[in-house]
>>> print(open('run.txt').read())   # compact mmCIF, C-alpha atoms
# COMPACT_ATOMS: atom_id res chain seq x y z
CA MET F 1 122.00 56.74 -21.55
CA ARG F 2 121.44 53.78 -19.26
CA GLY F 3 125.07 52.74 -19.87
CA VAL F 4 126.42 56.15 -18.85
CA ARG F 5 124.26 56.14 -15.72
CA GLY F 6 125.45 52.64 -14.92
CA ALA F 7 129.09 53.65 -15.39
CA ILE F 8 128.70 56.70 -13.11
CA LEU F 9 126.97 54.58 -10.46
CA GLY F 10 129.72 51.98 -10.79
CA VAL F 11 132.49 54.55 -10.26
CA TRP F 12 130.56 56.06 -7.32
CA GLU F 13 130.13 52.64 -5.71
CA PHE F 14 133.79 51.80 -6.37
CA VAL F 15 135.30 54.96 -4.86
CA VAL F 16 132.71 56.17 -2.35
CA GLY F 17 130.94 52.92 -1.39
CA ASP F 18 128.02 53.07 1.05
CA ASP F 19 129.28 55.99 3.12
CA TRP F 20 128.67 59.15 1.09
CA ALA F 21 128.82 61.39 4.18
CA THR F 22 132.53 60.61 4.63
CA ALA F 23 133.21 61.42 0.96
CA VAL F 24 131.42 64.76 1.30
CA GLY F 25 133.39 65.43 4.50
CA VAL F 26 136.70 64.76 2.72
CA VAL F 27 135.81 67.20 -0.07
CA ALA F 28 134.80 69.84 2.50
CA ALA F 29 138.04 69.28 4.47
CA LEU F 30 140.20 69.74 1.36
CA ALA F 31 138.24 72.86 0.39
CA LEU F 32 138.77 74.28 3.90
CA THR F 33 142.48 73.40 3.69
CA ALA F 34 142.73 75.32 0.41
CA LEU F 35 140.93 78.30 1.94
CA ILE F 36 143.06 78.44 5.11
CA SER F 37 146.35 77.81 3.26
CA GLU F 38 145.92 81.18 1.51
CA GLY F 39 146.62 82.89 4.83
CA GLY F 40 148.77 80.48 6.86
CA ALA F 41 149.38 76.95 8.07
CA ALA F 42 146.60 74.57 7.03
CA TRP F 43 148.21 71.12 7.24
CA PHE F 44 146.31 70.23 10.44
CA VAL F 45 142.83 70.53 8.87
CA THR F 46 142.80 67.26 6.92
CA PRO F 47 144.12 64.98 9.72
CA ILE F 48 141.60 66.42 12.22
CA ALA F 49 138.79 66.08 9.68
CA VAL F 50 139.77 62.47 8.94
CA ALA F 51 139.78 61.63 12.67
CA ILE F 52 136.28 63.11 13.08
CA LEU F 53 134.91 61.57 9.87
CA LEU F 54 136.27 58.10 10.62
CA THR F 55 135.00 58.11 14.21
CA ALA F 56 131.58 59.35 13.09
CA SER F 57 131.39 56.72 10.37
CA ILE F 58 132.26 53.86 12.75
CA TRP F 59 129.88 55.25 15.38
CA ARG F 60 127.01 55.40 12.83
CA GLU F 61 127.69 51.82 11.76
CA ALA F 62 127.95 50.57 15.36
CA ARG F 63 124.67 52.25 16.24
CA LYS F 64 122.98 50.82 13.14
CA ARG F 65 124.18 47.30 13.96
CA GLY F 66 123.25 47.75 17.62
CA ARG F 67 119.67 48.50 16.61
CA SER F 68 119.35 45.58 14.18
CA MET H 1 165.09 53.59 -2.83
CA SER H 2 163.60 56.42 -0.73
CA GLY H 3 161.26 55.89 2.22
CA GLN H 4 158.28 57.01 0.14
CA GLU H 5 159.19 54.56 -2.60
CA VAL H 6 159.45 51.70 -0.11
CA ALA H 7 156.04 52.69 1.30
CA LEU H 8 154.66 52.83 -2.26
CA ALA H 9 155.99 49.36 -3.12
CA VAL H 10 154.81 47.79 0.18
CA SER H 11 151.33 49.39 -0.03
CA VAL H 12 150.75 48.34 -3.64
CA PHE H 13 152.15 44.85 -2.97
CA LEU H 14 149.88 44.31 0.06
CA ALA H 15 146.79 45.71 -1.66
CA CYS H 16 147.45 43.64 -4.74
CA ALA H 17 148.12 40.47 -2.73
CA VAL H 18 144.80 40.87 -0.86
CA GLU H 19 142.85 41.36 -4.09
CA ALA H 20 144.73 38.51 -5.80
CA VAL H 21 143.84 36.14 -2.93
CA GLU H 22 140.14 37.03 -3.36
CA ALA H 23 140.29 36.65 -7.15
CA LEU H 24 142.11 33.32 -6.80
CA THR H 25 139.30 31.96 -4.61
CA ILE H 26 136.72 32.79 -7.29
CA VAL H 27 138.78 31.31 -10.15
CA LEU H 28 139.55 28.16 -8.12
CA ALA H 29 135.87 27.71 -7.24
CA VAL H 30 134.60 27.81 -10.83
CA GLY H 31 137.69 26.03 -12.17
CA THR H 32 137.45 23.02 -9.86
CA THR H 33 133.64 22.82 -10.03
CA ARG H 34 132.98 23.46 -13.71
CA SER H 35 135.69 24.22 -16.28
CA TRP H 36 139.33 25.13 -15.79
CA ARG H 37 139.70 26.16 -19.43
CA SER H 38 136.81 28.61 -19.25
CA ALA H 39 137.85 29.98 -15.84
CA LEU H 40 141.41 30.60 -17.02
CA THR H 41 140.20 32.13 -20.31
CA GLY H 42 137.92 34.48 -18.33
CA SER H 43 140.81 35.42 -16.03
CA ALA H 44 143.14 36.05 -18.97
CA ALA H 45 140.49 38.24 -20.68
CA ALA H 46 140.11 40.27 -17.46
CA VAL H 47 143.88 40.71 -17.11
CA LEU H 48 143.97 41.91 -20.72
CA ALA H 49 141.13 44.40 -20.04
CA LEU H 50 143.00 45.66 -16.94
CA ALA H 51 146.24 46.05 -18.92
CA VAL H 52 144.41 48.07 -21.61
CA THR H 53 142.76 50.23 -18.92
CA THR H 54 146.14 50.88 -17.28
CA ALA H 55 147.79 51.66 -20.63
CA ILE H 56 145.03 54.18 -21.46
CA LEU H 57 144.67 55.83 -18.03
CA GLY H 58 148.30 55.67 -16.85
CA PRO H 59 149.87 58.27 -19.19
CA ARG H 60 146.83 60.57 -18.84
CA VAL H 61 146.94 60.53 -15.04
CA ALA H 62 150.73 60.95 -15.01
CA SER H 63 150.55 63.96 -17.35
CA LEU H 64 148.39 66.03 -14.95
CA PRO H 65 150.16 68.95 -13.21
CA LEU H 66 151.56 67.81 -9.84
CA ASP H 67 149.34 70.04 -7.64
CA THR H 68 146.17 69.02 -9.49
CA LEU H 69 147.29 65.39 -9.40
CA ARG H 70 147.94 65.51 -5.65
CA LEU H 71 144.64 67.24 -4.90
CA VAL H 72 142.43 65.05 -7.10
CA VAL H 73 144.29 61.79 -6.59
CA GLY H 74 144.97 62.52 -2.90
CA GLY H 75 141.27 63.23 -2.38
CA LEU H 76 140.21 60.08 -4.23
CA LEU H 77 142.79 58.03 -2.37
CA LEU H 78 141.55 59.44 0.93
CA VAL H 79 137.90 58.62 0.20
CA PHE H 80 138.87 55.18 -1.10
CA GLY H 81 141.31 54.54 1.78
CA LEU H 82 138.75 55.55 4.41
CA GLN H 83 136.40 52.95 2.91
CA TRP H 84 139.05 50.24 3.37
CA LEU H 85 140.00 51.46 6.84
CA ARG H 86 136.39 51.75 8.01
CA LYS H 87 135.66 48.14 7.02
CA ALA H 88 138.93 46.97 8.60
CA ILE H 89 138.06 48.73 11.88
CA LEU H 90 134.50 47.32 11.81
CA ARG H 91 135.95 43.82 11.28
CA GLY H 92 138.55 44.33 14.01
CA ALA H 93 135.85 45.53 16.42
CA GLY H 94 133.61 42.55 15.66
CA LEU H 95 130.93 44.73 14.03
CA MET H 96 131.44 43.06 10.65
CA ALA H 97 132.39 39.45 9.93
CA GLN H 98 136.06 38.76 9.21
CA HIS H 99 136.71 37.91 5.59
CA ASP H 100 136.98 34.11 5.34
CA GLU H 101 138.36 32.67 2.09
CA GLU H 102 137.18 29.13 2.90
CA GLU H 103 133.64 30.42 3.42
CA SER H 104 133.85 32.43 0.16
CA PHE H 105 135.14 29.32 -1.63
CA ARG H 106 132.23 27.24 -0.30
CA GLU H 107 129.71 29.89 -1.41
CA GLU H 108 131.23 30.26 -4.89
CA THR H 109 131.43 26.47 -5.30
CA ALA H 110 127.81 26.01 -4.24
CA ALA H 111 126.69 28.74 -6.68
CA ALA H 112 128.73 27.15 -9.49
CA ARG H 113 127.12 23.74 -8.86
CA ALA H 114 123.65 25.28 -8.69
CA ALA H 115 124.15 26.86 -12.12
CA GLY H 116 123.64 23.47 -13.81
CA SER H 117 125.93 21.33 -15.95
CA PRO H 118 128.87 23.06 -17.60
CA HIS H 119 128.67 23.56 -21.36
CA GLU H 120 130.93 21.68 -23.71
CA GLY H 121 133.70 23.94 -25.01
CA LEU H 122 133.65 27.40 -23.45
CA ASP H 123 131.44 27.40 -20.35
CA GLY H 124 129.75 30.80 -20.17
CA TYR H 125 129.18 30.68 -16.40
CA SER H 126 132.82 29.88 -15.58
CA PHE H 127 134.10 32.47 -18.04
CA THR H 128 131.81 35.23 -16.78
CA ILE H 129 132.35 34.60 -13.05
CA ALA H 130 136.15 34.38 -13.43
CA PHE H 131 136.21 37.46 -15.71
CA LYS H 132 134.05 39.52 -13.35
CA GLY H 133 135.95 38.41 -10.25
CA VAL H 134 139.40 39.15 -11.64
CA LEU H 135 138.26 42.41 -13.25
CA LEU H 136 136.59 43.82 -10.13
CA GLU H 137 139.41 42.85 -7.78
CA GLY H 138 141.95 44.01 -10.36
CA LEU H 139 140.32 47.43 -10.80
CA GLU H 140 141.10 48.22 -7.16
CA VAL H 141 144.72 47.25 -7.77
CA VAL H 142 144.91 49.41 -10.92
CA PHE H 143 143.41 52.34 -9.00
CA ILE H 144 145.88 52.01 -6.12
CA ALA H 145 148.91 51.39 -8.35
CA LEU H 146 148.07 54.31 -10.64
CA THR H 147 147.33 56.81 -7.89
CA PHE H 148 150.37 55.89 -5.80
CA GLY H 149 152.64 55.52 -8.82
CA ALA H 150 151.58 58.72 -10.61
CA ASN H 151 151.91 60.86 -7.48
CA GLN H 152 155.54 59.83 -7.10
CA HIS H 153 156.21 59.47 -10.82
CA ARG H 154 156.97 55.81 -10.17
CA VAL H 155 154.21 54.01 -12.07
CA GLY H 156 156.80 51.40 -13.13
CA LEU H 157 157.68 50.59 -9.50
CA ALA H 158 153.98 50.37 -8.59
CA ALA H 159 153.32 48.06 -11.55
CA ALA H 160 156.30 45.87 -10.57
CA ALA H 161 155.05 45.59 -6.97
CA ALA H 162 151.55 44.69 -8.25
CA ALA H 163 152.93 42.08 -10.68
CA ALA H 164 155.12 40.54 -7.94
CA ALA H 165 152.09 40.15 -5.66
CA VAL H 166 149.96 38.54 -8.40
CA LEU H 167 152.78 36.14 -9.36
CA LEU H 168 153.39 35.17 -5.73
CA VAL H 169 149.69 34.53 -4.98
CA THR H 170 149.22 32.65 -8.28
CA ALA H 171 152.31 30.49 -7.63
CA ILE H 172 151.12 29.61 -4.11
CA GLY H 173 147.60 28.96 -5.45
CA ILE H 174 148.95 26.57 -8.12
CA ALA H 175 151.15 24.85 -5.53
CA ILE H 176 148.50 24.23 -2.89
CA HIS H 177 145.49 24.13 -5.25
CA ALA H 178 143.22 25.65 -2.58
CA PRO H 179 142.09 29.09 -1.44
CA LEU H 180 144.72 30.92 0.61
CA ALA H 181 142.67 30.79 3.79
CA ARG H 182 145.74 31.13 6.00
CA ALA H 183 146.87 34.41 4.48
CA PRO H 184 146.49 37.13 7.16
CA GLU H 185 143.99 38.85 4.88
CA ASN H 186 142.22 40.98 7.49
CA ALA H 187 145.48 42.28 8.93
CA MET H 188 146.70 43.04 5.40
CA LYS H 189 143.49 44.93 4.64
CA PHE H 190 143.94 46.92 7.84
CA GLY H 191 147.51 47.79 6.80
CA VAL H 192 146.45 48.82 3.30
CA GLY H 193 143.65 50.98 4.71
CA VAL H 194 146.13 52.75 7.00
CA MET H 195 148.59 53.37 4.13
CA LEU H 196 145.93 54.59 1.66
CA THR H 197 144.42 56.94 4.25
CA SER H 198 147.84 58.26 5.35
CA PHE H 199 149.01 59.00 1.82
CA GLY H 200 145.58 60.43 0.99
CA ILE H 201 145.88 62.85 3.94
CA PHE H 202 149.42 63.83 2.92
CA TRP H 203 148.85 64.32 -0.81
CA GLY H 204 145.32 65.70 -0.50
CA ALA H 205 146.38 68.45 1.93
CA GLU H 206 149.51 69.22 -0.09
CA GLY H 207 147.48 69.43 -3.30
CA ALA H 208 145.07 71.83 -1.56
CA GLY H 209 148.00 74.15 -0.81
CA ALA H 210 149.10 73.09 2.68
CA HIS H 211 152.78 72.70 3.55
CA TRP H 212 153.65 69.83 5.89
CA PRO H 213 156.11 70.58 8.70
CA GLY H 214 159.21 68.58 7.79
CA GLY H 215 158.07 67.99 4.20
CA ASP H 216 157.99 64.31 3.18
CA ALA H 217 159.22 63.31 6.66
CA ALA H 218 155.71 64.20 7.95
CA LEU H 219 154.62 60.80 6.60
CA LEU H 220 156.74 59.19 9.32
CA VAL H 221 154.35 60.77 11.82
CA ILE H 222 151.12 60.48 9.80
CA VAL H 223 151.32 56.71 9.16
CA PRO H 224 151.89 55.64 12.82
CA THR H 225 149.31 58.18 14.01
CA VAL H 226 146.64 56.83 11.63
CA LEU H 227 147.54 53.28 12.69
CA ALA H 228 147.36 54.12 16.43
CA PHE H 229 144.09 56.03 15.98
CA SER H 230 142.54 53.14 14.02
CA LEU H 231 143.59 50.59 16.65
CA ALA H 232 142.13 52.86 19.34
CA LEU H 233 138.82 52.92 17.42
CA VAL H 234 138.86 49.12 17.26
CA GLN H 235 139.19 49.03 21.05
CA LEU H 236 136.62 51.76 21.59
CA PHE H 237 133.90 50.09 19.48
CA ARG H 238 134.81 46.44 20.20
CA VAL H 239 131.84 44.16 20.84
CA SER H 240 132.10 40.64 22.20
CA PRO H 241 130.89 37.81 19.93
CA ALA H 242 128.38 36.99 22.68
CA ASP H 243 126.61 40.25 21.91
CA GLY H 244 125.47 38.60 18.67
CA GLN H 245 125.99 41.77 16.70
CA THR H 246 128.56 40.46 14.23
CA ALA H 247 127.14 40.83 10.74
CA ARG H 248 128.18 39.40 7.41
CA ALA H 249 130.55 41.53 5.31
>>> encode(input="run.txt", output="structure tokens")
Amino acid sequence: MRGVRGAILGVWEFVVGDDWATAVGVVAALALTALISEGGAAWFVTPIAVAILLTASIWREARKRGRS
Amino acid sequence: MSGQEVALAVSVFLACAVEAVEALTIVLAVGTTRSWRSALTGSAAAVLALAVTTAILGPRVASLPLDTLRLVVGGLLLVFGLQWLRKAILRGAGLMAQHDEEESFREETAAARAAGSPHEGLDGYSFTIAFKGVLLEGLEVVFIALTFGANQHRVGLAAAAAAAAVLLVTAIGIAIHAPLARAPENAMKFGVGVMLTSFGIFWGAEGAGAHWPGGDAALLVIVPTVLAFSLALVQLFRVSPADGQTARA
């Protein structure tokens, strides 16, 4: 059981790293893309989401380091 | 070779070269300080483990339906790529220390010396550190090569690009017998982050059902846009070293 938990944590750390909010944002962006693509053009959703997520992630880190 | 295939080969080569440089530093540190035989045995065991992992996962990933593959792999690549890009931007902006192979070599060497005298025969410390270093750096390469390769049904090309990078770094490492501190590692990491994120955006959105204007040619816009946006973020968040905010990676 501990091995399975360790493996899951290892994969999480490997793919997601220390910024889970960005990972959640990517999943939400792809889900929104799938939803919008049913009715029309949806290609713009992911690039806009990535721009917002990346800026927010850097801003959070800059603020954190500014405080420390 | 199509534009996408060139991008695939360059991205995998760069990513693999960066990881190989980091793995080489670890192997050199334990090899020169403790036991070459054990360090090389550990590295060989890790390469074998990576080859087995690739042989098991490769056909399974490649056999997924294309839309599922693009959605899942594109999403994973995007999350993974954003991690690389975020760190590269933080380094470029001075919010995180630049990766320094000489510093890493000094730290690894000091740790190897502090671990006591090497054992006769197979030295457990050297074996374990070299195995872990090569395996962890190599897993990133396997992930990138498999995701890029499977999405374009060119796993062979991705594997060839990865092998070329490892051979080149190993040959240079053997020739100069020192960590490759002069390799433009941070710029390479920035480039890999841009490529992973760009392809993640393209495949992820396509897998979710979106159609890109211009089809594959959209990548010719996505890649430079991601690069320009990332460089703009570096400028926007740049801090001067005098601010004293630079932190260790």
>>> closest_residue(input="run.txt", among="H:Gly138, H:Gly121, H:Gly92, H:Gly209", to="chain F", atoms="all atoms listed in the file")
H:Gly209
>>> interface_residues(input="run.txt", of="chain H", to="chain F", cutoff="6 Å", atoms="only C-alpha atoms", output="short mmCIF file (atom, residue, chain, number, x, y, z; two decimals) with C-alpha atoms, in the frame of the given file")
data_model
loop_
_atom_site.label_atom_id
_atom_site.label_comp_id
_atom_site.auth_asym_id
_atom_site.auth_seq_id
_atom_site.Cartn_x
_atom_site.Cartn_y
_atom_site.Cartn_z
CA VAL H 79 137.90 58.62 0.20
CA PHE H 80 138.87 55.18 -1.10
CA ALA H 208 145.07 71.83 -1.56
CA GLY H 209 148.00 74.15 -0.81
CA ALA H 210 149.10 73.09 2.68
CA TRP H 212 153.65 69.83 5.89
#
>>> atom_distance(input="run.txt", atom1="atom CA of H:Leu196", atom2="atom CA of H:Gly81")
4.6 Å
>>> atom_distance(input="run.txt", atom1="atom CA of H:Gln83", atom2="atom CA of H:Ala112")
29.6 Å
>>> atom_distance(input="run.txt", atom1="atom CA of F:Arg63", atom2="atom CA of H:Ala232")
17.7 Å
>>> closest_residue(input="run.txt", among="H:His153, H:His99, H:Arg37, H:Arg86", to="H:Ala183", atoms="all atoms listed in the file")
H:His99
>>> residues_around(input="run.txt", residues="H:Ala160", least_positions_apart="5", cutoff="10 Å", atoms="only C-alpha atoms", output="VMD selection string")
chain H and resid 9 12 to 13 145 154 to 155 165 to 166
>>> decode(input="run.txt", residues="stretch 25-47 of chain F", atoms="N, CA and C atoms", output="PDB file, in the first residue's frame")
ATOM      1  N   GLY F  25      -5.723  24.119 -13.692  1.00  0.00           N
ATOM      2  CA  GLY F  25      -6.122  25.082 -14.716  1.00  0.00           C
ATOM      3  C   GLY F  25      -6.044  24.491 -16.116  1.00  0.00           C
ATOM      4  N   VAL F  26      -5.023  23.696 -16.381  1.00  0.00           N
ATOM      5  CA  VAL F  26      -4.870  23.063 -17.704  1.00  0.00           C
ATOM      6  C   VAL F  26      -6.031  22.096 -17.951  1.00  0.00           C
ATOM      7  N   VAL F  27      -6.352  21.299 -16.940  1.00  0.00           N
ATOM      8  CA  VAL F  27      -7.458  20.340 -17.082  1.00  0.00           C
ATOM      9  C   VAL F  27      -8.772  21.096 -17.345  1.00  0.00           C
ATOM     10  N   ALA F  28      -8.989  22.176 -16.601  1.00  0.00           N
ATOM     11  CA  ALA F  28     -10.213  22.970 -16.783  1.00  0.00           C
ATOM     12  C   ALA F  28     -10.251  23.584 -18.183  1.00  0.00           C
ATOM     13  N   ALA F  29      -9.102  24.073 -18.665  1.00  0.00           N
ATOM     14  CA  ALA F  29      -9.040  24.693 -19.995  1.00  0.00           C
ATOM     15  C   ALA F  29      -9.375  23.670 -21.088  1.00  0.00           C
ATOM     16  N   LEU F  30      -8.847  22.461 -20.950  1.00  0.00           N
ATOM     17  CA  LEU F  30      -9.117  21.429 -21.966  1.00  0.00           C
ATOM     18  C   LEU F  30     -10.589  20.991 -21.913  1.00  0.00           C
ATOM     19  N   ALA F  31     -11.141  20.950 -20.694  1.00  0.00           N
ATOM     20  CA  ALA F  31     -12.564  20.597 -20.562  1.00  0.00           C
ATOM     21  C   ALA F  31     -13.429  21.671 -21.217  1.00  0.00           C
ATOM     22  N   LEU F  32     -13.078  22.941 -21.001  1.00  0.00           N
ATOM     23  CA  LEU F  32     -13.820  24.053 -21.603  1.00  0.00           C
ATOM     24  C   LEU F  32     -13.685  24.021 -23.128  1.00  0.00           C
ATOM     25  N   THR F  33     -12.493  23.687 -23.604  1.00  0.00           N
ATOM     26  CA  THR F  33     -12.266  23.570 -25.054  1.00  0.00           C
ATOM     27  C   THR F  33     -13.202  22.503 -25.633  1.00  0.00           C
ATOM     28  N   ALA F  34     -13.277  21.366 -24.949  1.00  0.00           N
ATOM     29  CA  ALA F  34     -14.136  20.270 -25.419  1.00  0.00           C
ATOM     30  C   ALA F  34     -15.603  20.708 -25.457  1.00  0.00           C
ATOM     31  N   LEU F  35     -15.992  21.467 -24.424  1.00  0.00           N
ATOM     32  CA  LEU F  35     -17.383  21.928 -24.324  1.00  0.00           C
ATOM     33  C   LEU F  35     -17.722  22.910 -25.451  1.00  0.00           C
ATOM     34  N   ILE F  36     -16.837  23.890 -25.652  1.00  0.00           N
ATOM     35  CA  ILE F  36     -17.092  24.920 -26.675  1.00  0.00           C
ATOM     36  C   ILE F  36     -16.991  24.342 -28.084  1.00  0.00           C
ATOM     37  N   SER F  37     -16.090  23.368 -28.281  1.00  0.00           N
ATOM     38  CA  SER F  37     -15.877  22.835 -29.637  1.00  0.00           C
ATOM     39  C   SER F  37     -17.107  22.101 -30.178  1.00  0.00           C
ATOM     40  N   GLU F  38     -18.029  21.746 -29.270  1.00  0.00           N
ATOM     41  CA  GLU F  38     -19.288  21.109 -29.717  1.00  0.00           C
ATOM     42  C   GLU F  38     -20.085  22.074 -30.604  1.00  0.00           C
ATOM     43  N   GLY F  39     -19.977  23.386 -30.268  1.00  0.00           N
ATOM     44  CA  GLY F  39     -20.802  24.361 -30.972  1.00  0.00           C
ATOM     45  C   GLY F  39     -20.062  25.305 -31.905  1.00  0.00           C
ATOM     46  N   GLY F  40     -18.740  25.307 -31.894  1.00  0.00           N
ATOM     47  CA  GLY F  40     -18.006  26.232 -32.774  1.00  0.00           C
ATOM     48  C   GLY F  40     -16.523  26.231 -32.506  1.00  0.00           C
ATOM     49  N   ALA F  41     -15.873  27.317 -32.937  1.00  0.00           N
ATOM     50  CA  ALA F  41     -14.410  27.406 -32.809  1.00  0.00           C
ATOM     51  C   ALA F  41     -14.001  27.461 -31.337  1.00  0.00           C
ATOM     52  N   ALA F  42     -13.027  26.628 -30.972  1.00  0.00           N
ATOM     53  CA  ALA F  42     -12.608  26.585 -29.563  1.00  0.00           C
ATOM     54  C   ALA F  42     -11.085  26.603 -29.430  1.00  0.00           C
ATOM     55  N   TRP F  43     -10.378  26.778 -30.544  1.00  0.00           N
ATOM     56  CA  TRP F  43      -8.911  26.686 -30.509  1.00  0.00           C
ATOM     57  C   TRP F  43      -8.275  27.750 -29.620  1.00  0.00           C
ATOM     58  N   PHE F  44      -8.954  28.886 -29.440  1.00  0.00           N
ATOM     59  CA  PHE F  44      -8.364  30.020 -28.715  1.00  0.00           C
ATOM     60  C   PHE F  44      -8.364  29.824 -27.194  1.00  0.00           C
ATOM     61  N   VAL F  45      -9.165  28.868 -26.705  1.00  0.00           N
ATOM     62  CA  VAL F  45      -9.323  28.720 -25.245  1.00  0.00           C
ATOM     63  C   VAL F  45      -7.999  28.324 -24.579  1.00  0.00           C
ATOM     64  N   THR F  46      -7.356  27.292 -25.112  1.00  0.00           N
ATOM     65  CA  THR F  46      -6.139  26.784 -24.461  1.00  0.00           C
ATOM     66  C   THR F  46      -5.004  27.819 -24.452  1.00  0.00           C
ATOM     67  N   PRO F  47      -4.698  28.486 -25.594  1.00  0.00           N
ATOM     68  CA  PRO F  47      -3.617  29.485 -25.531  1.00  0.00           C
ATOM     69  C   PRO F  47      -3.890  30.612 -24.522  1.00  0.00           C
TER      70      PRO F  47
END
